Every structure is written in C-alpha cells, then in structure tokens.
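The structure file work-v9.tsv is reproduced below (TSV, C-alpha atoms and all ligand atoms).
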```
chain	number	residue	atom	x	y	z
V	1	MET	CA	0.00	0.00	0.00
V	2	PRO	CA	1.51	3.37	-0.99
V	3	VAL	CA	2.16	5.89	1.77
V	4	ARG	CA	0.38	9.18	1.24
V	5	PRO	CA	2.27	12.40	1.94
V	6	PRO	CA	0.92	14.18	5.02
V	7	VAL	CA	-1.79	16.76	4.43
V	8	GLN	CA	-0.69	20.08	5.95
V	9	THR	CA	-2.78	21.53	8.76
V	10	SER	CA	-3.55	24.64	6.70
V	11	THR	CA	-5.10	22.41	4.04
V	12	GLN	CA	-6.91	20.25	6.56
V	13	LEU	CA	-8.48	23.29	8.24
V	14	GLY	CA	-8.77	25.56	5.21
V	15	VAL	CA	-6.87	28.23	7.18
V	16	SER	CA	-3.54	29.64	5.96
V	17	ASN	CA	-0.42	29.43	8.13
V	18	THR	CA	-0.35	33.24	8.20
V	19	LYS	CA	-3.88	33.36	9.57
V	20	MET	CA	-3.04	30.71	12.19
V	21	LEU	CA	-0.01	32.80	13.25
V	22	TRP	CA	-2.14	35.95	13.40
V	23	ARG	CA	-4.73	34.17	15.52
V	24	GLY	CA	-1.91	33.03	17.80
V	25	LEU	CA	-0.55	36.57	18.09
V	26	ILE	CA	-3.93	37.88	19.22
V	27	ARG	CA	-4.28	35.02	21.74
V	28	ARG	CA	-6.87	33.03	19.84
V	29	CYS	CA	-6.97	29.35	19.01
V	30	PRO	CA	-4.95	29.01	15.80
V	31	ALA	CA	-7.25	26.32	14.48
V	32	CYS	CA	-10.72	27.83	15.00
V	33	GLY	CA	-10.16	31.41	16.19
V	34	CYS	CA	-11.84	30.89	19.59
V	35	SER	CA	-10.80	33.62	22.05
V	36	ASP	CA	-11.25	31.57	25.25
V	37	THR	CA	-7.76	30.00	25.18
V	38	HIS	CA	-6.61	30.96	28.69
V	39	SER	CA	-8.19	30.25	32.09
V	40	SER	CA	-6.15	33.12	33.58
V	41	TYR	CA	-3.67	35.59	32.16
V	42	ALA	CA	-0.72	33.21	32.29
V	43	THR	CA	-2.50	29.84	32.22
V	44	MET	CA	-3.45	28.30	28.92
V	45	ARG	CA	-6.36	25.87	28.89
V	46	ASP	CA	-5.55	22.21	28.16
V	47	GLU	CA	-7.72	22.25	25.08
V	48	CYS	CA	-9.79	24.66	23.03
V	49	PRO	CA	-13.41	24.81	24.30
V	50	GLU	CA	-14.62	25.30	20.71
V	51	CYS	CA	-12.68	22.84	18.53
V	52	SER	CA	-11.21	20.59	21.29
V	53	LEU	CA	-7.64	20.95	19.98
V	54	LYS	CA	-5.21	20.00	22.75
V	55	PHE	CA	-2.87	22.98	22.99
V	56	GLU	CA	0.00	20.93	24.41
V	57	ARG	CA	0.17	18.58	21.44
V	58	ILE	CA	3.27	16.71	22.59
V	59	PHE	CA	5.13	16.31	25.85
V	60	GLY	CA	7.54	19.23	26.13
V	61	HIS	CA	5.41	21.63	24.08
V	62	SER	CA	6.06	24.36	26.66
V	63	ILE	CA	9.76	24.50	25.69
V	64	GLY	CA	8.67	25.97	22.36
V	65	TYR	CA	6.67	28.89	23.74
V	66	ILE	CA	9.39	29.64	26.28
V	67	GLY	CA	11.90	29.72	23.42
V	68	LEU	CA	9.62	31.90	21.30
V	69	ASN	CA	9.09	34.32	24.19
V	70	THR	CA	12.86	34.47	24.76
V	71	VAL	CA	13.64	35.15	21.08
V	72	VAL	CA	11.01	37.91	20.86
V	73	THR	CA	12.18	39.49	24.12
V	74	PHE	CA	15.86	39.46	23.13
V	75	SER	CA	15.05	40.83	19.68
V	76	VAL	CA	12.96	43.72	20.98
V	77	THR	CA	15.45	44.50	23.75
V	78	PHE	CA	18.27	44.53	21.21
V	79	MET	CA	16.26	46.85	18.94
V	80	VAL	CA	15.55	49.22	21.85
V	81	LEU	CA	19.26	49.38	22.58
V	82	LEU	CA	20.28	49.70	18.92
V	83	VAL	CA	17.68	52.26	17.84
V	84	GLY	CA	18.13	54.25	21.05
V	85	SER	CA	21.88	54.39	20.47
V	86	ILE	CA	21.58	55.37	16.81
V	87	LEU	CA	18.96	58.07	17.39
V	88	THR	CA	20.83	59.72	20.24
V	89	ARG	CA	24.45	59.47	19.07
V	90	PRO	CA	27.01	60.87	19.58
V	91	ASP	CA	25.83	61.82	23.11
V	92	ILE	CA	24.15	58.53	24.08
V	93	PRO	CA	22.17	58.92	27.33
V	94	VAL	CA	23.43	55.78	29.03
V	95	VAL	CA	21.17	55.75	32.11
V	96	PRO	CA	17.83	56.35	30.32
V	97	LEU	CA	18.81	53.89	27.61
V	98	ALA	CA	19.78	51.29	30.22
V	99	ILE	CA	16.44	51.81	32.00
V	100	ALA	CA	14.52	51.39	28.72
V	101	THR	CA	16.51	48.27	27.87
V	102	VAL	CA	15.98	46.67	31.29
V	103	LEU	CA	12.27	47.59	31.21
V	104	SER	CA	11.80	45.90	27.83
V	105	ALA	CA	13.73	42.85	29.05
V	106	VAL	CA	11.58	42.57	32.20
V	107	VAL	CA	8.11	43.70	31.07
V	108	LEU	CA	7.94	42.24	27.57
V	109	PRO	CA	8.18	38.55	28.53
V	110	ALA	CA	5.18	38.97	30.86
V	111	LEU	CA	3.18	40.91	28.26
V	112	PHE	CA	3.95	38.49	25.44
V	113	LEU	CA	3.45	35.25	27.41
V	114	PRO	CA	-0.20	34.51	26.43
V	115	SER	CA	0.55	35.26	22.79
V	116	ALA	CA	3.67	33.08	22.95
V	117	HIS	CA	1.44	30.19	24.11
V	118	THR	CA	-0.97	30.44	21.20
V	119	MET	CA	1.64	31.47	18.60
V	120	TRP	CA	3.76	28.45	19.42
V	121	THR	CA	0.69	26.24	19.00
V	122	ALA	CA	0.18	27.87	15.57
V	123	ILE	CA	3.82	27.23	14.61
V	124	ASP	CA	3.51	23.65	15.82
V	125	LEU	CA	0.37	23.19	13.71
V	126	ALA	CA	2.17	24.59	10.67
V	127	ILE	CA	5.10	22.20	11.21
V	128	ARG	CA	3.28	19.05	12.32
V	129	PRO	CA	0.00	18.27	10.56
V	130	LEU	CA	-3.04	17.38	12.64
V	131	ALA	CA	-3.39	13.71	13.43
V	132	PRO	CA	-6.77	12.03	12.91
V	133	GLY	CA	-9.07	12.75	15.86
V	134	GLU	CA	-6.96	15.60	17.18
V	135	ILE	CA	-9.65	18.20	16.55
V	136	ASP	CA	-13.45	18.29	16.35
V	137	PRO	CA	-14.32	16.93	12.88
V	138	ARG	CA	-16.60	19.94	12.22
V	139	PHE	CA	-13.47	22.04	11.68
V	140	ILE	CA	-11.84	19.67	9.19
V	141	LYS	CA	-12.18	20.76	5.56
V	142	VAL	CA	-9.92	18.07	4.09
V	143	ASP	CA	-9.82	14.73	5.87
V	144	PRO	CA	-6.26	13.36	5.60
V	145	VAL	CA	-7.46	9.80	6.11
V	146	ALA	CA	-10.26	9.85	3.58
V	147	GLY	CA	-8.33	12.27	1.35
V	148	GLU	CA	-11.44	14.14	0.37
V	149	TRP	CA	-13.31	17.29	1.22
V	150	ALA	CA	-15.03	16.47	4.49
V	151	ASN	CA	-17.47	19.30	5.10
V	152	GLU	CA	-18.50	20.29	1.58
V	153	SER	CA	-22.16	19.99	0.90
S	1	ZN	ZN	-10.07	26.00	18.69
```

Go ahead and render the structure in this file as structure tokens.
Amino acid sequence: MPVRPPVQTSTQLGVSNTKMLWRGLIRRCPACGCSDTHSSYATMRDECPECSLKFERIFGHSIGYIGLNTVVTFSVTFMVLLVGSILTRPDIPVVPLAIATVLSAVVLPALFLPSAHTMWTAIDLAIRPLAPGEIDPRFIKVDPVAGEWANES
C-alpha cells in the first residue's frame, strides 16, 4: 500500500499558516479562532473549548513557547538598545537607555506570554499536521485519512 504524503494543517483546516499565526498573536486558538484560550492571564487551557484541539500537542510543548518568548524578548530588547543608540548618538544617554533596555527585558516577557502560548501552538500546527481525531471533525475541511473534502455539501 503506498504511503500518502501528510496533508498540511492549513489544508486540513482551510486556514492559511499566516492566519493561524495571526490568531496566535492575538491570543486566539490558531485552528478555530476561539478567544477563550486561557483560564487566567498566564495559564493556557488544556484544550480549546470550541474545537477541542489540545494545545500541548506533545510532551515538552512548553519548551517551544518559552523559546519563542525568549527570542522575541531578546530581539525587541536589542532593537531598543540599537535604535536608542543610533537616534541619540554621539551623546548617548546611558542611564535612560539602560532603564529602557531593562524595562523591555523585564516587562515584555510577561506581556507576550499569552501570545507566545498560542503562537507556538500555531507554529507547531504549521510544522506538524493534525493527526486524525486531534480536533473536532466539524473544523476539518480536508480529511487526511479519507483524502477528500469532508465538510463540503
Ligand atoms: Zn479551537
């Protein structure tokens, strides 16, 4: 029996990777767009109440959002330091620039945390296609098992 190539999540759901990333950035479920992804500011639900996607798709999923949060924080902090230095040269105000840099390094990870949760789930969905039964079948447009349009009528 020939092995079929995996059907990408974007094809399965009929949602582009860009849209899944955008939904993740605005703290929504990347798969269905549901906004109720967190039980508190810093606590992501186990699964989406709308489409039943388990947000922690594999053991160790949290390493990804921690890494994403770290990369974003370092990038923004570096940009604050770089742009602040370029705009104020040659008399760089060291103390105000240091305060701005430390503030971005301390505040940004807390502000970005919920988005990092959902964005990492979006990236994971873009990289690893949905497995059969991983999401409510109502949200599947192309069934990878049957290989046909599932919800066309
Ligand atoms: Zn959902």

Find the residue from V:Cys48, V:Met20, V:Val106, V:Ile140 that sits nearest to Thr70 of chain V; use all atoms listed in the file when measuring.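 Ranking V:Cys48, V:Met20, V:Val106, V:Ile140 by distance to Thr70 of chain V, first place goes to V:Val106.
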
List all protein, DNA and RNA residues that have any atom at most 12 Å from ligand ZN 1 (chain S), counting only C-alpha atoms and all ligand atoms, and write the list as JSON, numbers by chain. {"V": [13, 20, 23, 24, 27, 28, 29, 30, 31, 32, 33, 34, 35, 36, 37, 38, 45, 46, 47, 48, 49, 50, 51, 52, 53, 54, 55, 118, 121, 122, 125, 134, 135, 136, 137, 138, 139, 140]}

Distance of atom CA of Thr73 of chain V from atom CA of Pro114 of chain V, expressed in Å to one decimal place: 13.5 Å

Neighbour residues at most 10 Å from (5.0, 30.6, 22.7) (all atoms listed in the file) as a list in words: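 I get Gly24, Leu25, His61, Ser62, Ile63, Gly64, Tyr65, Ile66, Gly67, Leu68, Asn69, Thr70, Val71, Val72, Phe112, Leu113, Pro114, Ser115, Ala116, His117, Thr118, Met119, Trp120, Thr121, Ala122, Ile123 and Asp124 of chain V for the residues within 10 Å of that point.
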
Mind running segment 41-79 of chain V against segment 83-92 of chain V at 12 Å and telling me each contacting residue's nearest atom pair with the distance in Å (one decimal), counting only C-alpha atoms, chain and number ascending, as JSON lines?
```
{"residue": "V:Ser75", "atom": "CA", "partner": "V:Val83", "partner_atom": "CA", "distance": 11.9}
{"residue": "V:Val76", "atom": "CA", "partner": "V:Val83", "partner_atom": "CA", "distance": 10.3}
{"residue": "V:Thr77", "atom": "CA", "partner": "V:Val83", "partner_atom": "CA", "distance": 10.0}
{"residue": "V:Phe78", "atom": "CA", "partner": "V:Val83", "partner_atom": "CA", "distance": 8.5}
{"residue": "V:Met79", "atom": "CA", "partner": "V:Val83", "partner_atom": "CA", "distance": 5.7}
```

Gap from atom CA of Val15 of chain V to atom CA of Pro144 of chain V - Å, one decimal: 15.0 Å

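Relative to atom CA of Tyr41 of chain V, atom CA of Ala131 of chain V is found at 28.8 Å.
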
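Distance annotation: of V:Val3, V:Met44, V:Ile58, V:Leu81, the residue with the minimal separation from Val95 of chain V is V:Leu81; atom set is all atoms listed in the file.
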
Go through V:Val94, V:Gly14, V:Leu111, V:Pro132 one by one, measure the shortest atom-to-atom distance of each to Ile26 of chain V using all atoms listed in the file, and give the residue with the smallest value.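 Going through V:Val94, V:Gly14, V:Leu111, V:Pro132 one by one, the smallest distance to Ile26 of chain V is for V:Leu111.
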
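For Gln12 of chain V, the residues within 6 Å (counting only C-alpha atoms, excluding itself and residues fewer than 3 positions away along the chain) are Thr9, Ile140, Lys141 and Val142 of chain V.
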